[in-house]
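J.: So that you have it, the file is entry05.txt, and it contains compact mmCIF, C-alpha atoms:
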# COMPACT_ATOMS: atom_id res chain seq x y z
CA MET X 1 116.94 134.07 201.80
CA LYS X 2 119.19 133.53 198.83
CA ASP X 3 118.70 129.77 199.18
CA LEU X 4 114.93 130.10 198.97
CA VAL X 5 114.95 132.23 195.81
CA GLU X 6 117.56 129.98 194.24
CA TYR X 7 115.55 126.84 194.96
CA ILE X 8 112.30 128.25 193.57
CA ALA X 9 113.92 129.77 190.49
CA LYS X 10 115.92 126.66 189.61
CA ALA X 11 112.82 124.51 190.05
CA ILE X 12 110.68 126.48 187.59
CA VAL X 13 113.07 127.43 184.78
CA ASN X 14 114.30 125.43 181.82
CA ALA X 15 117.92 126.43 182.31
CA PRO X 16 118.60 126.01 186.05
CA ASP X 17 122.37 126.34 185.51
CA ASP X 18 121.86 129.93 184.38
CA VAL X 19 120.16 130.95 187.62
CA VAL X 20 122.24 133.40 189.63
CA VAL X 21 121.10 135.00 192.87
CA THR X 22 123.09 137.67 194.64
CA GLU X 23 122.38 139.10 198.06
CA GLU X 24 123.26 142.60 199.23
CA THR X 25 122.62 143.98 202.66
CA GLY X 26 122.16 147.69 203.13
CA ASP X 27 120.32 150.18 205.32
CA GLU X 28 117.02 149.18 203.79
CA GLY X 29 117.51 145.50 204.57
CA THR X 30 118.44 142.80 202.11
CA THR X 31 118.22 143.15 198.35
CA LEU X 32 118.08 139.93 196.36
CA LYS X 33 118.90 140.04 192.68
CA LEU X 34 117.73 137.20 190.53
CA GLN X 35 119.20 136.57 187.12
CA VAL X 36 117.95 133.89 184.72
CA ALA X 37 118.32 133.00 181.04
CA ASP X 38 116.39 135.34 178.73
CA ASP X 39 113.98 132.59 177.75
CA ASP X 40 113.18 131.93 181.39
CA LYS X 41 112.41 135.49 182.36
CA GLY X 42 108.71 135.02 181.78
CA ARG X 43 108.73 131.96 184.02
CA VAL X 44 110.09 133.77 187.06
CA ILE X 45 107.89 136.80 186.51
CA GLY X 46 104.70 135.04 185.48
CA LYS X 47 101.45 136.32 184.07
CA GLN X 48 100.83 139.76 185.49
CA GLY X 49 103.86 139.22 187.70
CA ARG X 50 102.17 136.51 189.73
CA VAL X 51 105.25 134.35 190.18
CA ALA X 52 107.44 137.28 191.21
CA GLN X 53 104.68 138.41 193.55
CA ALA X 54 104.45 134.98 195.20
CA MET X 55 108.22 134.83 195.66
CA ARG X 56 108.20 138.29 197.21
CA THR X 57 105.50 137.25 199.66
CA LEU X 58 107.55 134.25 200.82
CA ILE X 59 110.72 136.34 201.11
CA ARG X 60 108.83 138.90 203.16
CA VAL X 61 107.77 136.18 205.59
CA MET X 62 111.36 135.04 205.99
CA ALA X 63 112.60 138.58 206.46
CA ALA X 64 109.90 139.32 209.03
CA LYS X 65 110.94 136.21 210.94
CA GLN X 66 114.49 137.52 211.05
CA GLY X 67 113.33 141.01 211.98
CA THR X 68 114.57 142.58 208.76
CA ARG X 69 113.28 143.61 205.34
CA ALA X 70 113.97 142.16 201.94
CA THR X 71 113.27 143.08 198.34
CA LEU X 72 113.55 140.98 195.23
CA GLU X 73 114.71 142.37 191.92
CA ILE X 74 114.56 140.41 188.71
CA LEU X 75 117.34 141.46 186.36
CA MET W 76 93.97 115.83 179.42
CA GLU W 77 93.96 112.46 177.73
CA VAL W 78 93.81 112.51 173.94
CA THR W 79 92.87 109.42 171.94
CA VAL W 80 92.87 109.38 168.15
CA VAL W 81 89.56 107.94 167.02
CA LYS W 82 90.09 108.41 163.30
CA GLU W 83 93.26 109.45 161.49
CA GLY W 84 92.89 112.42 159.16
CA LYS W 85 93.75 112.43 155.45
CA HIS W 86 95.76 115.06 153.67
CA GLY W 87 94.16 114.49 150.24
CA ILE W 88 95.59 116.10 147.13
CA LEU W 89 95.90 119.86 147.30
CA GLY W 90 93.38 119.73 150.09
CA LEU W 91 90.88 117.83 147.93
CA GLY W 92 89.46 114.82 149.66
CA ALA W 93 91.07 115.84 152.93
CA GLU W 94 89.43 114.61 156.07
CA GLU W 95 89.75 116.00 159.54
CA ALA W 96 91.05 113.63 162.16
CA THR W 97 88.71 112.80 164.99
CA VAL W 98 90.13 112.76 168.48
CA ARG W 99 88.55 112.17 171.83
CA VAL W 100 89.70 114.47 174.61
CA GLN W 101 88.96 113.45 178.14
CA PRO W 102 89.76 115.35 181.28
CA LEU W 103 92.35 113.64 183.41
CA THR W 104 90.62 112.51 186.53
CA LYS W 105 93.34 110.61 188.32
CA VAL W 106 96.41 112.09 189.89
CA PRO W 107 99.58 110.31 188.70
CA ASP W 108 101.27 107.97 191.19
CA ASN W 109 103.58 109.40 193.83
CA MET W 110 102.33 112.89 193.11
CA ASP W 111 101.48 113.39 196.76
CA GLU W 112 105.01 112.44 197.79
CA THR W 113 106.49 114.78 195.18
CA ALA W 114 104.31 117.67 196.31
CA LYS W 115 105.08 116.94 199.96
CA GLY W 116 108.80 116.95 199.24
CA VAL W 117 108.58 120.30 197.47
CA LEU W 118 106.65 121.91 200.30
CA GLU W 119 109.00 120.49 202.94
CA THR W 120 112.01 121.84 201.06
CA LEU W 121 110.42 125.28 200.79
CA LEU W 122 109.52 125.38 204.47
CA ALA W 123 113.02 124.25 205.47
CA ARG W 124 114.59 126.99 203.33
CA MET W 125 112.23 129.53 204.85
CA GLY W 126 113.40 128.43 208.28
CA ILE W 127 109.95 127.25 209.31
CA ASP W 128 109.65 124.26 211.55
CA ALA W 129 106.48 122.38 210.60
CA SER W 130 105.31 118.94 209.59
CA VAL W 131 103.45 118.11 206.40
CA GLU W 132 100.89 115.39 205.85
CA ALA W 133 100.01 114.48 202.27
CA GLU W 134 96.91 112.75 200.99
CA THR W 135 95.31 112.15 197.60
CA LYS W 136 91.57 112.66 197.74
CA ALA W 137 88.63 112.75 195.40
CA ALA W 138 87.27 116.27 195.02
CA VAL W 139 83.85 116.66 193.53
CA GLU W 140 83.63 119.61 191.21
CA GLY W 141 80.67 121.37 189.71
CA GLY W 142 79.52 120.16 186.31
CA GLY W 143 79.74 116.49 187.18
CA GLY W 144 82.72 114.18 187.34
CA ALA W 145 85.03 113.74 190.27
CA SER W 146 88.71 114.46 190.05
CA GLU W 147 91.54 113.89 192.44
CA VAL W 148 93.45 116.49 194.36
CA VAL W 149 96.57 116.28 196.47
CA THR W 150 96.06 117.89 199.85
CA LEU W 151 98.96 118.97 202.00
CA ASP W 152 98.19 119.77 205.62
CA VAL W 153 100.81 121.74 207.47
CA SER W 154 100.92 121.70 211.24
CA GLY W 155 103.25 123.14 213.82
CA ASP W 156 103.60 125.93 216.33
CA ASP W 157 103.03 129.58 215.55
CA LEU W 158 102.17 129.17 211.88
CA GLY W 159 100.13 132.36 211.58
CA ILE W 160 103.09 133.80 209.68
CA LEU W 161 102.53 131.14 207.02
CA ILE W 162 98.88 132.09 206.58
CA GLY W 163 99.33 135.84 206.37
CA ARG W 164 96.72 138.52 206.03
CA ARG W 165 93.58 136.93 204.58
CA GLY W 166 95.58 133.83 203.72
CA GLN W 167 97.77 135.68 201.24
CA THR W 168 100.97 133.93 202.24
CA LEU W 169 99.24 130.57 202.20
CA PHE W 170 98.10 131.19 198.63
CA SER W 171 101.54 132.31 197.52
CA LEU W 172 102.99 129.15 199.01
CA GLN W 173 100.37 127.02 197.28
CA TYR W 174 101.00 128.79 193.97
CA VAL W 175 104.76 128.21 194.17
CA VAL W 176 104.33 124.54 195.10
CA ARG W 177 101.92 124.02 192.18
CA LEU W 178 104.38 125.65 189.79
CA ILE W 179 107.32 123.56 190.94
CA VAL W 180 105.35 120.31 190.94
CA ALA W 181 103.95 121.08 187.48
CA HIS W 182 107.43 121.85 186.17
CA GLU W 183 108.93 118.72 187.72
CA THR W 184 106.26 116.29 186.62
CA LYS W 185 105.07 117.97 183.41
CA ALA W 186 101.55 117.47 184.66
CA ARG W 187 98.98 119.85 186.02
CA VAL W 188 98.12 118.69 189.46
CA PRO W 189 95.64 120.27 191.77
CA VAL W 190 97.58 120.74 194.98
CA VAL W 191 95.70 122.20 197.91
CA ILE W 192 97.63 123.39 200.94
CA ASP W 193 96.08 124.15 204.29
CA VAL W 194 97.77 125.38 207.45
CA GLU W 195 96.26 124.44 210.80
CA GLY W 196 92.80 124.09 209.24
CA TYR W 197 92.72 127.78 208.20
CA LYS W 198 90.85 127.27 204.94
CA LYS W 199 88.20 125.12 206.53
CA ARG W 200 87.59 127.69 209.27
CA ARG W 201 87.54 130.50 206.72
CA TYR W 202 85.07 128.57 204.56
CA GLU W 203 82.68 128.15 207.47
CA ALA W 204 83.07 131.78 208.53
CA LEU W 205 82.37 133.04 205.01
CA GLN W 206 79.28 130.88 204.65
CA ALA W 207 77.94 132.19 207.94
CA LEU W 208 78.73 135.77 206.87
CA ALA W 209 76.94 135.28 203.54
CA HIS W 210 73.77 134.06 205.22
CA ARG W 211 73.84 136.76 207.90
CA MET W 212 74.27 139.54 205.33
CA ALA W 213 71.58 138.06 203.06
CA GLU W 214 69.14 138.25 205.97
CA GLN W 215 70.01 141.93 206.44
CA VAL W 216 69.54 142.66 202.76
CA LYS W 217 66.12 141.01 202.87
CA ALA W 218 65.11 142.90 206.01
CA ARG W 219 66.23 146.30 204.68
CA GLY W 220 65.42 145.75 201.03
CA ARG W 221 68.71 147.40 200.05
CA PRO W 222 71.91 146.02 198.48
CA PHE W 223 74.91 145.36 200.71
CA THR W 224 78.56 145.35 199.60
CA LEU W 225 81.01 143.05 201.35
CA GLU W 226 84.69 143.91 201.81
CA PRO W 227 87.19 143.01 199.04
CA MET W 228 87.97 139.31 198.83
CA MET W 229 90.04 136.92 196.77
CA ALA W 230 88.37 135.01 193.95
CA TYR W 231 88.01 131.77 195.87
CA GLU W 232 86.49 133.59 198.83
CA ARG W 233 83.97 135.40 196.64
CA ARG W 234 83.11 132.06 195.10
CA ILE W 235 82.21 130.70 198.52
CA ILE W 236 79.81 133.64 199.03
CA HIS W 237 78.24 133.24 195.57
CA LEU W 238 77.74 129.51 196.10
CA ALA W 239 76.36 129.96 199.61
CA LEU W 240 73.61 132.22 198.27
CA ALA W 241 73.08 130.63 194.85
CA ASP W 242 69.92 128.86 195.99
CA ASP W 243 68.49 131.80 197.90
CA PRO W 244 65.29 132.89 196.09
CA ASP W 245 65.29 136.35 197.66
CA VAL W 246 68.75 137.70 196.83
CA THR W 247 71.25 137.75 193.96
CA THR W 248 75.02 138.15 194.19
CA GLU W 249 77.50 139.81 191.88
CA SER W 250 81.22 140.67 191.99
CA VAL W 251 82.14 144.26 191.22
CA GLY W 252 85.39 146.25 191.11
CA GLU W 253 88.85 145.57 189.75
CA SER W 254 91.33 142.81 190.66
CA GLN W 255 92.49 143.30 194.28
CA ALA W 256 89.45 145.39 195.11
CA ARG W 257 86.78 143.02 193.78
CA LYS W 258 83.94 142.55 196.18
CA VAL W 259 80.60 140.84 196.33
CA VAL W 260 77.36 142.81 196.28
CA ILE W 261 74.25 141.12 197.66
CA THR W 262 71.08 142.56 196.13
CA PRO W 263 67.41 141.86 196.86
CA ARG W 264 65.90 139.93 193.97
CA GLU W 265 63.32 141.83 191.95
CA LYS W 266 59.88 140.38 192.42
Take the structure I supplied and represent it as C-alpha cells, if you would.

T.:
Amino acid sequence: MKDLVEYIAKAIVNAPDDVVVTEETGDEGTTLKLQVADDDKGRVIGKQGRVAQAMRTLIRVMAAKQGTRATLEIL
Amino acid sequence: MEVTVVKEGKHGILGLGAEEATVRVQPLTKVPDNMDETAKGVLETLLARMGIDASVEAETKAAVEGGGGASEVVTLDVSGDDLGILIGRRGQTLFSLQYVVRLIVAHETKARVPVVIDVEGYKKRRYEALQALAHRMAEQVKARGRPFTLEPMMAYERRIIHLALADDPDVTTESVGESQARKVVITPREK
C-alpha cells in the first residue's frame, strides 16, 4: 500500500525527493502517513480534498482485497 | 489552449499612446502524440501497485462535445476477471482512478488531456441504464402530473438525465441539493 501512495504522490508533486511515506500496522489496520514539501501539500490534498479523497478510495480497494483496513493521513 | 499573438501591444509613455496586444486563443483540439501510451503506462503502473491483474487498451478518439467543435480524448479500457472492485459503488472507485490518472498525466506532460477510463464497459452500460430510467420516470411524471425526485447521483450521471430529457416538451429537469446529495427532479412543464 505504501508503494501505491508513494507512486501517486511522487508523480503529482514538484519535489518528489521530499515525499516520505511511512506505514504502521495496528489493531485498526494499516495507517499510512504521507509527508511532502510544504509547497506540495495543496497538490496531494487538492481542491476540497479531492486528491486525498481519490487516494483514500484506491487504498481502500487495496486494503479490502487484502482483507484489512487502511487509513491515509497527510502530515 | 493555443495562443497566437496577432498584434504586439505598445507601452507608450506613461501609459499615453499605449495599445493593448491582440491575441488569438484557440482551444486545443488535438491530443499530443504518444499521450495514449503515457496514459496507458500510468494506469498500468497504478493497477500493478494495487495488485490488480488486468489489461489496458488505449485509443485516441474524437469526442464530439456540445457547442460545436470536436476534440480528442484518450480512452483506456480495462479488462480482466473480477473487476467489480475497480468500479466500486456507483462507479466511485472508477472515477477516483480516472482522476488520479488525469492528474499524473497532466503533471508529467504539462498538458491537460481528457483521459476517459472504462472498466468492462461499465460506463456504457450505466449510460444506457440512466437514459432508460430518465424516460421511464418522465412518463410517470406526465401520467401523474406531479414532480419526481431521483436518487442522488454524480454530476456526470445527472448530466445524462438532463440531456436525455432536454428535448422532452412535457417535462423539465433540475438538480437540487448539496454536493454528494445532489439529485435530479423531473417536473411537468407548465402549459

J.: Would you mind listing, as an mmCIF file with C-alpha atoms, in the frame of the given file, all residues of chain X that have at least one atom within 7 Å of chain W, where all atoms listed in the file are what counts?

T.:
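Generated file (iface_37.cif):
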data_model
loop_
_atom_site.group_PDB
_atom_site.id
_atom_site.type_symbol
_atom_site.label_atom_id
_atom_site.label_comp_id
_atom_site.auth_asym_id
_atom_site.auth_seq_id
_atom_site.Cartn_x
_atom_site.Cartn_y
_atom_site.Cartn_z
ATOM 1 C CA ASP X 3 118.700 129.770 199.180
ATOM 2 C CA LEU X 4 114.930 130.100 198.970
ATOM 3 C CA ALA X 11 112.820 124.510 190.050
ATOM 4 C CA ILE X 12 110.680 126.480 187.590
ATOM 5 C CA ALA X 54 104.450 134.980 195.200
ATOM 6 C CA THR X 57 105.500 137.250 199.660
ATOM 7 C CA LEU X 58 107.550 134.250 200.820
ATOM 8 C CA VAL X 61 107.770 136.180 205.590
ATOM 9 C CA MET X 62 111.360 135.040 205.990
#

J.: Which protein, DNA or RNA residues are at most 10 Å from (112.2, 138.2, 201.7) in the file's coordinates when you count all atoms listed in the file, listed as a ChimeraX atom specification?

T.: /X:1-2,4-5,29-32,55-66,68-72 /W:125

J.: I'd like the interatomic distance between atom CA of X:Asp40 and atom CA of W:Lys185, to a tenth of an Å.

T.: 16.3 Å
